[in-house]
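To be precise, the following lines are query01.cif, and they hold mmCIF, C-alpha atoms.
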data_query
#
loop_
_atom_site.label_atom_id
_atom_site.label_comp_id
_atom_site.auth_asym_id
_atom_site.auth_seq_id
_atom_site.Cartn_x
_atom_site.Cartn_y
_atom_site.Cartn_z
CA MET A 1 31.04 -17.21 -10.25
CA TYR A 2 32.62 -16.52 -13.54
CA GLY A 3 35.43 -14.51 -15.09
CA ASN A 4 35.39 -12.96 -18.48
CA ALA A 5 34.91 -15.15 -21.50
CA TYR A 6 38.17 -16.14 -23.05
CA VAL A 7 37.36 -14.75 -26.49
CA GLU A 8 39.20 -16.74 -29.10
CA ASN A 9 41.20 -15.11 -31.84
CA THR A 10 38.69 -14.81 -34.65
CA GLY A 11 41.06 -13.22 -37.13
CA ASN A 12 39.61 -10.78 -39.60
CA GLN A 13 36.56 -8.99 -38.17
CA ASN A 14 34.79 -9.20 -41.54
CA SER A 15 34.83 -12.99 -41.32
CA LEU A 16 32.24 -12.75 -38.53
CA THR A 17 29.60 -11.61 -40.99
CA ALA A 18 30.77 -13.45 -44.10
CA GLY A 19 27.91 -15.03 -46.05
CA GLU A 20 25.13 -13.34 -44.04
CA ASP A 21 22.10 -11.78 -45.73
CA PRO A 22 22.90 -8.02 -45.65
CA VAL A 23 19.24 -6.98 -45.19
CA LYS A 24 18.63 -9.32 -42.27
CA LEU A 25 22.00 -8.40 -40.76
CA ALA A 26 21.14 -4.69 -40.92
CA GLU A 27 17.75 -5.31 -39.25
CA PHE A 28 19.41 -7.41 -36.57
CA GLU A 29 22.06 -4.79 -35.85
CA ALA A 30 19.46 -2.00 -35.81
CA ARG A 31 17.41 -3.93 -33.24
CA ILE A 32 20.45 -4.27 -30.98
CA ALA A 33 21.46 -0.63 -31.48
CA ALA A 34 17.93 0.37 -30.39
CA GLY A 35 18.44 -1.54 -27.13
CA GLU A 36 16.04 -4.38 -27.97
CA LYS A 37 16.80 -7.95 -26.94
CA ILE A 38 17.26 -10.84 -29.35
CA GLU A 39 15.05 -13.87 -28.60
CA PRO A 40 15.80 -17.51 -29.49
CA GLN A 41 13.37 -17.65 -32.43
CA ASP A 42 14.81 -14.48 -34.06
CA TRP A 43 17.13 -14.54 -37.04
CA MET A 44 20.74 -14.10 -35.94
CA PRO A 45 24.15 -14.27 -37.65
CA LYS A 46 25.83 -17.67 -37.41
CA GLU A 47 28.81 -16.15 -35.58
CA TYR A 48 26.55 -14.42 -33.04
CA ARG A 49 25.01 -17.79 -32.22
CA ARG A 50 28.37 -19.56 -32.11
CA GLN A 51 30.06 -16.98 -29.89
CA LEU A 52 27.10 -16.87 -27.49
CA ILE A 53 26.95 -20.66 -27.22
CA ARG A 54 30.67 -20.73 -26.44
CA MET A 55 30.38 -17.93 -23.90
CA ILE A 56 27.21 -19.05 -22.06
CA GLU A 57 28.42 -22.63 -22.03
CA GLN A 58 31.78 -21.56 -20.52
CA HIS A 59 29.86 -19.59 -17.94
CA ALA A 60 27.65 -22.58 -17.04
CA HIS A 61 30.68 -24.87 -16.73
CA SER A 62 32.40 -22.27 -14.53
CA GLU A 63 29.49 -22.28 -12.11
CA ILE A 64 29.45 -26.04 -11.80
CA ILE A 65 33.24 -26.46 -11.61
CA GLY A 66 33.46 -23.41 -9.33
CA ALA A 67 31.37 -25.27 -6.77
CA LEU A 68 34.18 -27.85 -6.40
CA PRO A 69 37.05 -25.90 -4.72
CA GLU A 70 34.59 -24.47 -2.19
CA GLY A 71 32.61 -27.67 -1.84
CA THR A 72 35.81 -29.30 -0.61
CA TRP A 73 35.45 -27.28 2.60
CA ILE A 74 31.85 -28.18 3.44
CA THR A 75 32.86 -31.25 5.47
CA ARG A 76 35.55 -29.29 7.29
CA ALA A 77 33.85 -25.91 7.75
CA PRO A 78 34.63 -24.39 11.16
CA GLY A 79 31.24 -24.55 12.85
CA PHE A 80 27.71 -25.52 11.96
CA ARG A 81 26.52 -22.04 10.90
CA ARG A 82 29.37 -21.70 8.40
CA LYS A 83 28.75 -25.22 7.11
CA LEU A 84 25.09 -24.39 6.42
CA ALA A 85 25.97 -21.09 4.75
CA LEU A 86 28.64 -22.71 2.56
CA MET A 87 26.21 -25.47 1.53
CA ALA A 88 23.67 -22.82 0.54
CA LYS A 89 26.28 -20.95 -1.49
CA VAL A 90 27.49 -24.09 -3.27
CA GLN A 91 23.88 -25.03 -4.05
CA ASP A 92 23.40 -21.54 -5.53
CA GLU A 93 26.39 -22.04 -7.83
CA VAL A 94 25.05 -25.35 -9.11
CA GLY A 95 21.64 -23.71 -9.59
CA HIS A 96 23.31 -20.94 -11.63
CA ALA A 97 24.79 -23.60 -13.89
CA GLN A 98 21.28 -25.01 -14.46
CA LEU A 99 19.94 -21.57 -15.44
CA LEU A 100 22.84 -20.96 -17.81
CA TYR A 101 22.71 -24.39 -19.44
CA SER A 102 19.02 -23.71 -20.15
CA ALA A 103 19.82 -20.29 -21.66
CA CYS A 104 22.48 -21.89 -23.86
CA GLU A 105 20.13 -24.67 -24.99
CA THR A 106 17.78 -22.07 -26.50
CA LEU A 107 20.57 -21.49 -29.05
CA GLY A 108 20.44 -25.11 -30.16
CA LYS A 109 23.14 -27.00 -28.24
CA SER A 110 21.83 -29.85 -26.12
CA ARG A 111 22.76 -30.21 -22.46
CA GLU A 112 24.25 -33.64 -23.12
CA ASP A 113 26.58 -32.14 -25.76
CA MET A 114 27.66 -29.40 -23.35
CA ILE A 115 28.41 -31.87 -20.56
CA ASN A 116 30.35 -34.08 -22.99
CA ASP A 117 32.42 -31.15 -24.21
CA LEU A 118 33.22 -30.24 -20.61
CA ILE A 119 34.30 -33.70 -19.48
CA ASN A 120 36.24 -34.30 -22.71
CA GLY A 121 38.16 -31.09 -22.07
CA LYS A 122 36.92 -29.44 -25.28
CA SER A 123 35.03 -26.60 -23.54
CA LYS A 124 36.73 -24.22 -21.15
CA TYR A 125 35.63 -22.88 -17.81
CA SER A 126 36.93 -20.06 -15.64
CA ASN A 127 40.63 -20.70 -15.21
CA ILE A 128 40.63 -19.70 -11.55
CA PHE A 129 38.98 -22.98 -10.53
CA ASN A 130 42.03 -24.93 -11.63
CA TYR A 131 43.74 -23.77 -8.43
CA PRO A 132 43.31 -25.54 -5.08
CA ALA A 133 41.59 -24.16 -1.95
CA GLU A 134 44.33 -25.17 0.48
CA THR A 135 42.82 -23.84 3.71
CA TRP A 136 39.48 -22.57 5.04
CA ALA A 137 40.85 -19.06 4.43
CA ASP A 138 41.11 -19.85 0.70
CA SER A 139 37.40 -20.63 0.63
CA ALA A 140 36.77 -17.27 2.35
CA VAL A 141 38.90 -15.38 -0.20
CA ILE A 142 37.12 -17.21 -3.07
CA ALA A 143 33.67 -16.40 -1.70
CA TRP A 144 34.56 -12.73 -1.27
CA LEU A 145 36.84 -11.80 -4.14
CA VAL A 146 36.11 -14.36 -6.86
CA ASP A 147 32.42 -13.68 -6.40
CA ALA A 148 33.13 -9.94 -6.39
CA GLY A 149 34.86 -10.31 -9.75
CA ALA A 150 32.01 -12.47 -11.01
CA ILE A 151 29.43 -9.85 -10.03
CA ILE A 152 31.31 -7.16 -11.98
CA ASN A 153 31.42 -9.40 -15.03
CA GLN A 154 27.84 -10.64 -14.73
CA LEU A 155 26.30 -7.21 -14.15
CA THR A 156 28.15 -6.01 -17.25
CA ASN A 157 27.00 -8.98 -19.33
CA SER A 158 23.39 -8.68 -18.11
CA LYS A 159 23.15 -5.53 -20.28
CA GLY A 160 23.94 -7.63 -23.35
CA SER A 161 21.66 -8.37 -26.30
CA TYR A 162 20.58 -12.01 -25.90
CA GLY A 163 17.32 -12.16 -23.92
CA PRO A 164 17.60 -15.61 -22.25
CA TYR A 165 21.19 -14.93 -21.10
CA CYS A 166 20.30 -11.49 -19.68
CA ARG A 167 17.32 -12.92 -17.79
CA ALA A 168 19.44 -15.73 -16.32
CA LEU A 169 22.09 -13.21 -15.26
CA ASP A 170 19.52 -11.00 -13.52
CA ARG A 171 18.47 -13.94 -11.36
CA ILE A 172 22.08 -14.93 -10.73
CA CYS A 173 23.23 -11.44 -9.70
CA ALA A 174 20.45 -11.26 -7.11
CA GLU A 175 21.83 -14.40 -5.42
CA GLU A 176 25.48 -13.37 -5.67
CA SER A 177 24.99 -10.52 -3.22
CA PHE A 178 24.60 -13.12 -0.43
CA HIS A 179 27.85 -14.78 -1.54
CA LEU A 180 29.74 -11.51 -1.43
CA LYS A 181 28.48 -10.65 2.08
CA TYR A 182 29.12 -14.17 3.30
CA GLY A 183 32.67 -14.14 1.88
CA HIS A 184 33.46 -10.69 3.26
CA ASP A 185 32.17 -11.75 6.69
CA ASN A 186 34.49 -14.79 6.65
CA VAL A 187 37.53 -12.77 5.56
CA VAL A 188 36.83 -10.05 8.15
CA PHE A 189 36.43 -12.69 10.88
CA LEU A 190 39.88 -14.10 10.12
CA ALA A 191 41.53 -10.72 9.54
CA THR A 192 40.32 -9.40 12.89
CA GLY A 193 41.10 -12.63 14.74
CA THR A 194 44.22 -14.19 16.25
CA PRO A 195 47.68 -13.70 14.68
CA LYS A 196 47.41 -17.23 13.28
CA GLN A 197 44.04 -16.49 11.67
CA ARG A 198 45.43 -13.27 10.17
CA GLN A 199 48.38 -15.20 8.81
CA MET A 200 46.05 -17.79 7.26
CA VAL A 201 43.99 -15.19 5.41
CA GLN A 202 47.10 -13.27 4.28
CA GLU A 203 48.61 -16.45 2.85
CA ALA A 204 45.36 -17.24 1.05
CA MET A 205 45.34 -13.70 -0.38
CA ASN A 206 48.90 -14.22 -1.64
CA ARG A 207 47.95 -17.49 -3.31
CA TRP A 208 44.83 -16.11 -5.00
CA TRP A 209 46.15 -12.76 -6.20
CA THR A 210 47.58 -13.95 -9.53
CA PRO A 211 44.50 -16.06 -10.40
CA LEU A 212 42.33 -13.04 -9.50
CA MET A 213 44.35 -10.80 -11.82
CA HIS A 214 43.96 -13.45 -14.53
CA PHE A 215 40.22 -13.68 -13.83
CA PHE A 216 39.06 -11.01 -16.29
CA GLY A 217 41.08 -12.45 -19.16
CA PRO A 218 44.18 -11.32 -21.06
CA SER A 219 45.14 -7.67 -21.22
CA ASP A 220 43.53 -5.66 -24.01
CA LYS A 221 47.05 -5.09 -25.31
CA ILE A 222 47.44 -8.77 -26.21
CA SER A 223 43.77 -9.73 -26.56
CA GLN A 224 42.13 -9.68 -29.98
CA HIS A 225 40.10 -6.54 -30.45
CA THR A 226 36.47 -7.52 -30.75
CA GLU A 227 34.61 -4.60 -32.27
CA THR A 228 31.88 -6.66 -33.93
CA LEU A 229 31.20 -8.61 -30.73
CA MET A 230 30.96 -5.29 -28.86
CA LYS A 231 28.56 -3.93 -31.49
CA TRP A 232 26.43 -7.07 -31.18
CA LYS A 233 26.52 -6.66 -27.38
CA VAL A 234 27.97 -10.12 -26.91
CA LYS A 235 31.03 -8.67 -25.23
CA MET A 236 30.09 -5.64 -23.13
CA ALA A 237 33.34 -4.31 -21.68
CA SER A 238 37.05 -4.79 -22.21
CA ASN A 239 38.96 -7.14 -19.92
CA ASP A 240 41.16 -4.31 -18.64
CA ASP A 241 38.17 -2.07 -17.88
CA MET A 242 36.58 -4.77 -15.72
CA ARG A 243 39.92 -5.45 -14.00
CA GLN A 244 40.21 -1.72 -13.21
CA GLN A 245 36.71 -1.70 -11.77
CA PHE A 246 37.56 -4.69 -9.56
CA LEU A 247 40.78 -3.09 -8.27
CA ASP A 248 39.01 0.18 -7.63
CA MET A 249 36.26 -1.44 -5.59
CA TYR A 250 38.20 -4.07 -3.64
CA VAL A 251 41.87 -3.11 -3.14
CA PRO A 252 40.91 -0.33 -0.68
CA LYS A 253 38.76 -2.85 1.24
CA ILE A 254 41.67 -5.34 1.38
CA TRP A 255 44.10 -2.65 2.59
CA ASP A 256 41.52 -1.44 5.10
CA LEU A 257 41.81 -4.80 6.89
CA GLY A 258 45.59 -4.36 7.12
CA LEU A 259 46.09 -7.14 4.58
CA THR A 260 48.54 -6.79 1.71
CA VAL A 261 48.54 -7.79 -1.91
CA PRO A 262 51.65 -9.48 -3.34
CA ASP A 263 52.39 -6.78 -5.91
CA ALA A 264 54.72 -3.98 -4.80
CA ASN A 265 53.80 -1.95 -7.89
CA LEU A 266 50.06 -1.89 -7.20
CA LYS A 267 48.89 1.70 -6.72
CA LYS A 268 46.27 4.08 -7.99
CA ASN A 269 47.59 6.81 -10.26
CA GLU A 270 45.71 9.82 -8.92
CA GLU A 271 46.16 11.76 -12.16
CA THR A 272 44.72 9.15 -14.51
CA GLY A 273 42.43 7.56 -11.92
CA LYS A 274 43.71 4.18 -13.13
CA TRP A 275 45.36 1.42 -11.12
CA GLU A 276 48.92 0.50 -12.01
CA TYR A 277 50.06 -3.06 -11.42
CA THR A 278 52.57 -5.66 -12.48
CA GLU A 279 51.15 -7.44 -15.50
CA PRO A 280 50.39 -11.01 -14.30
CA ASP A 281 52.13 -13.92 -16.01
CA TRP A 282 49.95 -14.54 -19.07
CA GLU A 283 52.04 -17.55 -20.09
CA GLU A 284 50.95 -19.25 -16.86
CA PHE A 285 47.34 -18.35 -17.69
CA LYS A 286 47.61 -19.96 -21.12
CA ARG A 287 49.36 -23.01 -19.76
CA VAL A 288 46.74 -23.59 -17.05
CA ILE A 289 43.72 -22.94 -19.27
CA ASN A 290 45.10 -25.47 -21.74
CA GLY A 291 45.13 -28.20 -19.12
CA ASP A 292 48.38 -27.91 -17.21
CA GLY A 293 47.18 -26.42 -13.91
CA PRO A 294 47.32 -27.83 -10.39
CA CYS A 295 43.70 -29.10 -10.38
CA ASN A 296 42.50 -29.41 -14.01
CA LYS A 297 42.52 -33.20 -14.01
CA GLU A 298 40.91 -33.46 -10.59
CA ARG A 299 38.07 -31.08 -11.52
CA LEU A 300 37.15 -33.04 -14.65
CA ALA A 301 37.55 -36.42 -12.95
CA VAL A 302 35.13 -35.38 -10.19
CA ARG A 303 32.64 -34.12 -12.80
CA ARG A 304 32.88 -37.40 -14.74
CA MET A 305 32.31 -39.37 -11.54
CA ALA A 306 29.19 -37.34 -10.75
CA GLU A 307 27.73 -37.98 -14.21
CA GLU A 308 28.66 -41.67 -14.12
CA LYS A 309 27.31 -42.37 -10.64
CA GLY A 310 24.09 -40.48 -11.29
CA ARG A 311 23.33 -42.24 -14.57
CA TRP A 312 21.37 -45.21 -13.21
CA VAL A 313 19.07 -42.84 -11.30
CA ARG A 314 18.45 -40.67 -14.36
CA ASN A 315 17.83 -43.70 -16.56
CA THR A 316 15.52 -45.39 -14.07
CA ILE A 317 13.11 -42.47 -14.01
CA LEU A 318 13.26 -41.66 -17.73
CA LYS A 319 9.97 -42.47 -19.46
CA LYS A 320 10.31 -44.58 -22.61
CA ASP A 321 8.24 -42.27 -24.79
CA ALA A 322 10.00 -39.06 -23.65
CA HIS A 323 11.39 -36.73 -26.30
CA TYR A 324 13.40 -33.51 -26.19
CA VAL A 325 12.60 -30.06 -27.53
CA ALA A 326 14.76 -26.99 -26.85
CA PRO A 327 13.47 -24.71 -24.06
CA LEU A 328 11.41 -21.74 -25.24
CA ALA A 329 13.09 -18.73 -23.66
CA MET B 1 46.90 -41.99 -12.92
CA ILE B 2 44.81 -42.01 -9.74
CA ILE B 3 43.91 -38.49 -8.61
CA LYS B 4 45.47 -37.34 -5.32
CA SER B 5 43.56 -34.41 -3.84
CA LEU B 6 43.67 -32.06 -0.85
CA ASP B 7 40.13 -33.31 -0.31
CA PRO B 8 40.38 -36.75 1.34
CA ARG B 9 36.99 -37.79 -0.11
CA ILE B 10 38.29 -37.34 -3.65
CA THR B 11 41.51 -39.24 -2.93
CA ARG B 12 39.46 -42.08 -1.40
CA ALA B 13 37.26 -42.28 -4.52
CA GLY B 14 40.34 -43.46 -6.47
CA LEU B 15 39.46 -41.55 -9.67
CA ASP B 16 41.41 -42.31 -12.81
CA ASP B 17 42.32 -39.15 -14.71
CA GLU B 18 42.28 -41.05 -18.04
CA SER B 19 38.76 -42.44 -17.52
CA LYS B 20 36.09 -41.96 -20.18
CA ASP B 21 33.28 -42.32 -17.66
CA GLY B 22 30.30 -40.01 -17.64
CA ILE B 23 29.85 -39.55 -21.41
CA GLN B 24 26.22 -38.58 -22.02
CA GLN B 25 23.76 -40.27 -24.37
CA PRO B 26 20.80 -38.39 -25.89
CA MET B 27 17.96 -38.01 -23.31
CA ASP B 28 20.38 -38.63 -20.41
CA GLN B 29 19.28 -35.22 -19.11
CA TRP B 30 15.56 -35.90 -19.76
CA PHE B 31 13.51 -33.16 -21.39
CA THR B 32 12.45 -29.62 -20.56
CA TYR B 33 9.63 -27.91 -18.73
CA GLU B 34 8.77 -24.21 -18.66
CA VAL B 35 8.31 -22.74 -15.17
CA PHE B 36 5.70 -20.17 -14.13
CA GLN B 37 5.97 -18.53 -10.73
CA GLN B 38 3.38 -16.53 -8.78
CA LYS B 39 5.22 -14.16 -6.46
CA LYS B 40 2.26 -13.31 -4.27
CA ARG B 41 -1.45 -13.98 -4.13
CA GLY B 42 -3.45 -11.78 -6.44
CA THR B 43 -0.72 -11.47 -9.08
CA HIS B 44 -0.33 -13.38 -12.33
CA HIS B 45 1.92 -16.40 -12.72
CA VAL B 46 4.94 -15.26 -14.72
CA HIS B 47 7.30 -17.34 -16.86
CA VAL B 48 10.70 -17.45 -15.14
CA GLY B 49 12.67 -19.99 -17.17
CA SER B 50 12.99 -23.67 -17.94
CA LEU B 51 14.46 -26.82 -16.42
CA HIS B 52 15.11 -30.49 -17.14
CA ALA B 53 13.00 -33.18 -15.48
CA PRO B 54 11.71 -36.70 -16.20
CA ASP B 55 8.11 -35.99 -15.10
CA SER B 56 5.85 -33.25 -13.75
CA GLU B 57 6.25 -34.09 -10.07
CA LEU B 58 10.04 -33.88 -10.21
CA ALA B 59 9.73 -30.78 -12.38
CA ILE B 60 7.82 -29.07 -9.54
CA LEU B 61 10.48 -30.16 -7.05
CA PHE B 62 13.30 -28.86 -9.26
CA ALA B 63 11.36 -25.65 -9.97
CA LYS B 64 11.14 -24.99 -6.24
CA GLU B 65 14.91 -25.53 -5.91
CA GLN B 66 15.92 -23.55 -8.97
CA TYR B 67 13.45 -20.67 -9.01
CA ALA B 68 11.94 -20.29 -5.55
CA ARG B 69 14.79 -20.71 -3.10
CA ARG B 70 14.68 -17.16 -1.72
CA GLY B 71 11.02 -16.79 -0.71
CA GLN B 72 9.00 -14.56 -3.03
CA CYS B 73 6.81 -17.38 -4.26
CA VAL B 74 3.36 -18.70 -3.32
CA ASN B 75 2.64 -20.99 -6.28
CA LEU B 76 4.40 -22.71 -9.19
CA TRP B 77 3.23 -24.16 -12.48
CA VAL B 78 5.32 -26.37 -14.75
CA VAL B 79 4.38 -27.12 -18.36
CA LYS B 80 6.20 -29.41 -20.79
CA THR B 81 7.96 -27.20 -23.32
CA ALA B 82 6.70 -29.49 -26.08
CA ASP B 83 3.11 -28.66 -25.06
CA VAL B 84 3.52 -24.91 -25.49
CA PHE B 85 2.17 -23.60 -28.77
CA ALA B 86 3.61 -20.15 -29.46
CA THR B 87 3.51 -17.38 -32.05
CA GLU B 88 6.56 -16.47 -34.11
CA TYR B 89 8.38 -13.17 -33.61
CA GLU B 90 8.34 -12.87 -37.40
CA ASP B 91 4.57 -12.48 -37.18
CA GLU B 92 4.71 -9.70 -34.57
CA ASP B 93 2.59 -7.50 -36.86
CA ILE B 94 -0.50 -9.61 -36.10
CA PHE B 95 -0.67 -7.74 -32.79
CA ALA B 96 -0.61 -4.26 -34.32
CA THR B 97 -3.85 -2.25 -34.14
CA THR B 98 -4.82 -1.04 -37.58
CA PRO B 99 -6.50 2.36 -38.08
CA GLU B 100 -9.74 0.72 -39.28
CA LYS B 101 -10.09 -1.00 -35.90
CA LYS B 102 -9.98 2.24 -33.92
CA TYR B 103 -13.57 1.58 -32.80
CA ARG B 104 -12.00 -0.74 -30.19
CA GLU B 105 -10.11 2.12 -28.49
CA PRO B 106 -11.76 4.24 -25.78
CA GLU B 107 -10.27 7.54 -26.97
CA VAL B 108 -12.17 7.51 -30.31
CA TYR B 109 -15.47 8.01 -28.48
CA LYS B 110 -15.88 11.82 -28.29
CA VAL B 111 -19.31 12.08 -26.63
CA MET B 112 -18.49 15.38 -24.91
CA ASP B 113 -18.09 17.09 -28.30
CA ARG B 114 -21.59 16.00 -29.27
CA ILE B 115 -23.07 16.95 -25.84
CA GLN B 116 -21.48 20.41 -25.98
CA ALA B 117 -22.74 20.94 -29.53
CA TYR B 118 -26.25 19.80 -28.50
CA LYS B 119 -26.30 22.12 -25.47
CA ALA B 120 -25.05 25.04 -27.53
CA LYS B 121 -27.82 24.43 -30.06
CA GLN B 122 -30.52 24.20 -27.32
CA ASN B 123 -29.39 27.47 -25.77
CA SER B 124 -29.19 29.39 -29.01
#
Let's see the structure in the file written out as structure tokens.
Amino acid sequence: MYGNAYVENTGNQNSLTAGEDPVKLAEFEARIAAGEKIEPQDWMPKEYRRQLIRMIEQHAHSEIIGALPEGTWITRAPGFRRKLALMAKVQDEVGHAQLLYSACETLGKSREDMINDLINGKSKYSNIFNYPAETWADSAVIAWLVDAGAIINQLTNSKGSYGPYCRALDRICAEESFHLKYGHDNVVFLATGTPKQRQMVQEAMNRWWTPLMHFFGPSDKISQHTETLMKWKVKMASNDDMRQQFLDMYVPKIWDLGLTVPDANLKKNEETGKWEYTEPDWEEFKRVINGDGPCNKERLAVRRMAEEKGRWVRNTILKKDAHYVAPLA
Amino acid sequence: MIIKSLDPRITRAGLDDESKDGIQQPMDQWFTYEVFQQKKRGTHHVHVGSLHAPDSELAILFAKEQYARRGQCVNLWVVKTADVFATEYEDEDIFATTPEKKYREPEVYKVMDRIQAYKAKQNS
């Protein structure tokens, strides 16, 4: 589960290639333009490596932190079948983090450094997981719609240029289809249930709408244009394009259940084929991603506890003569 | 401050939001193995990715969890990444077939041409 990378403002586009060998850069760009993948041992521009590390690492952290709001509901899942299914989904998310951490390590950042940057608050993760899952219906809306958004983003990114990341995403996307079906099943069950169940799922929808609109990142109007990153196939689609795709695929399904979305201006413009909506509050997005959200502190505290309490086990089984080399691919 | 959560288990854990717990030391996450999966009998094992483990037995266990959780597997191999000796992409040209080694390709053997010529000569 992951939203779009929060691409930082890199200033002048030329600075991305400053100091690079022009011959090697041209070969590298020609390889990407021809649709070939870049492998870890290949030459690559410093900024390509840096941006990919930041992006894959954010994605890995999002998977592992994303397991927390849903994991909260495992002990209180309504019924044994749902408990088992939710456990399987949460295990998938943690497994996705493992795949992504490995892909990122091929670029030269160790797993220990990534975990430290997460628990120190230096690295970001998908902002949506800084919001609480207040009821069971929230976990249903997350499993359906957050995973739906993640699939759109991950399928797009799986066409990118970095081999290990694309291969990890292919495996991840295959597992996400279960999450989407599972989430949809849970939302449909509530939406077609008693008036109280319908009310629960509607309230969850109201709570999650703004975070879902934030999910794909700031509007293209205020986001730095990233032509070089597009050319390098690091960034594969604009935030607004992915948001449009999400609205187009899922708003009709939400309305079909007789549920509403808390935005009176949301409608499809039949002439342009584009969805019109109230721009979500991007100040809130910035505030929450920078640490001031309802659950930021809790998420990191839980992650620190997991690392701390697991340490003695990891140390006990570590062989004295063990040494680390980066994974191959 | 102690974290108060909607999840009673987290509230009970009494976590301090200022804590510096959990900071990793080098080798805290062990080292890496490469994973090879055979999807069904009769096919090759194929490299599917890597993982962290402290020894081969746990590497197999983690490989099963990370790479073979949805069926589609009959056998797994794990190999320490450090034990893999690999070529460099820079040297890709070592795999190119050069024109002077065409004798290794089946299509350079044109026996039918010679047979036809022989037959034509016999019949003339």
Using all atoms listed in the file, which residues of chain B come within 10 Å of chain A, and what is the closest atom pair for each, with the distance in Å to one decimal? Give it as CSV, sorted by chain and residue number.
residue,atom,partner,partner_atom,distance
B:Met1,CA,A:Lys297,CA,9.9
B:Ile2,CA,A:Glu298,CA,9.4
B:Ile3,CA,A:Glu298,CA,6.2
B:Lys4,CA,A:Glu298,CA,8.0
B:Ser5,CA,A:Glu298,CA,7.3
B:Leu6,CA,A:Glu134,CA,7.0
B:Asp7,CA,A:Thr72,CA,5.9
B:Pro8,CA,A:Thr72,CA,9.0
B:Arg9,CA,A:Thr72,CA,8.6
B:Ile10,CA,A:Val302,CA,7.5
B:Thr11,CA,A:Glu298,CA,9.6
B:Ala13,CA,A:Met305,CA,9.1
B:Gly14,CA,A:Ala301,CA,10.0
B:Leu15,CA,A:Ala301,CA,6.4
B:Asp16,CA,A:Ala301,CA,7.0
B:Asp17,CA,A:Ala301,CA,5.8
B:Glu18,CA,A:Ala301,CA,8.3
B:Ser19,CA,A:Ala301,CA,7.7
B:Lys20,CA,A:Arg304,CA,7.8
B:Asp21,CA,A:Arg304,CA,5.7
B:Gly22,CA,A:Glu308,CA,4.2
B:Ile23,CA,A:Asn116,CA,5.7
B:Gln24,CA,A:Glu112,CA,5.4
B:Gln25,CA,A:Glu112,CA,6.8
B:Pro26,CA,A:Glu112,CA,6.5
B:Met27,CA,A:Tyr324,CA,7.0
B:Asp28,CA,A:Arg314,CA,6.7
B:Gln29,CA,A:Glu112,CA,6.6
B:Trp30,CA,A:Leu318,CA,6.5
B:Phe31,CA,A:Tyr324,CA,4.8
B:Thr32,CA,A:Pro327,CA,6.1
B:Tyr33,CA,A:Pro327,CA,7.3
B:Glu34,CA,A:Pro327,CA,7.2
B:His47,CA,A:Ala329,CA,9.0
B:Val48,CA,A:Arg167,CA,8.4
B:Gly49,CA,A:Ala329,CA,6.6
B:Ser50,CA,A:Pro327,CA,6.2
B:Leu51,CA,A:Ser102,CA,6.7
B:His52,CA,A:Ser102,CA,8.4
B:Ala53,CA,A:Leu318,CA,8.8
B:Pro54,CA,A:Leu318,CA,5.4
B:Asp55,CA,A:Lys319,CA,8.0
B:Leu58,CA,A:Ile317,CA,9.9
B:Phe62,CA,A:Gly95,CA,9.8
B:Glu65,CA,A:Gly95,CA,7.9
B:Gln66,CA,A:Gly95,CA,5.8
B:Tyr67,CA,A:Arg171,CA,8.7
B:Arg69,CA,A:Asp92,CA,9.0
B:Arg70,CA,A:Glu175,CA,8.5
B:Lys80,CA,A:Pro327,CA,9.3
B:Thr81,CA,A:Pro327,CA,6.1
B:Ala82,CA,A:Val325,CA,6.1
B:Asp83,CA,A:Val325,CA,9.9
B:Val84,CA,A:Leu328,CA,8.5
B:Ala86,CA,A:Leu328,CA,9.0
B:Thr87,CA,A:Gln41,CA,9.9
B:Glu88,CA,A:Gln41,CA,7.1
B:Tyr89,CA,A:Asp42,CA,6.6
B:Glu90,CA,A:Asp42,CA,7.5
Atom pair CA of Leu180 in chain A + CA of His214 in chain A, distance 19.4 Å
Enter the distance from CA of Arg82 in chain A to CA of Phe216 in chain A, in Å, rounded to one decimal. 28.6 Å
Translate the PyMOL selection byres ((chain A and resi 285) around 12) into a concrete residue list for this structure, as a PyMOL selection string. chain A and resi 6+126-131+210-219+279-284+286-294
Contacts of His59 in chain A within 7 Å, all atoms listed in the file, excl. fewer than 4 positions in-chain, as a ChimeraX atom specification: /A:2,55,63,125
Give as number ranges by chain the residues that the PyMOL selection byres ((chain A and resi 244-258) around 9) matches when applied to the coordinates above. A: 145, 148-149, 152, 188, 191-192, 239-243, 259-261, 268, 274-275
Kindly export the residues of the current selection with C-alpha atoms, as a short mmCIF file (atom, residue, chain, number, x, y, z; two decimals), in the frame of the given file.
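Saved to selection_29.cif:
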data_model
loop_
_atom_site.label_atom_id
_atom_site.label_comp_id
_atom_site.auth_asym_id
_atom_site.auth_seq_id
_atom_site.Cartn_x
_atom_site.Cartn_y
_atom_site.Cartn_z
CA LEU A 145 36.84 -11.80 -4.14
CA ALA A 148 33.13 -9.94 -6.39
CA GLY A 149 34.86 -10.31 -9.75
CA ILE A 152 31.31 -7.16 -11.98
CA VAL A 188 36.83 -10.05 8.15
CA ALA A 191 41.53 -10.72 9.54
CA THR A 192 40.32 -9.40 12.89
CA ASN A 239 38.96 -7.14 -19.92
CA ASP A 240 41.16 -4.31 -18.64
CA ASP A 241 38.17 -2.07 -17.88
CA MET A 242 36.58 -4.77 -15.72
CA ARG A 243 39.92 -5.45 -14.00
CA LEU A 259 46.09 -7.14 4.58
CA THR A 260 48.54 -6.79 1.71
CA VAL A 261 48.54 -7.79 -1.91
CA LYS A 268 46.27 4.08 -7.99
CA LYS A 274 43.71 4.18 -13.13
CA TRP A 275 45.36 1.42 -11.12
#
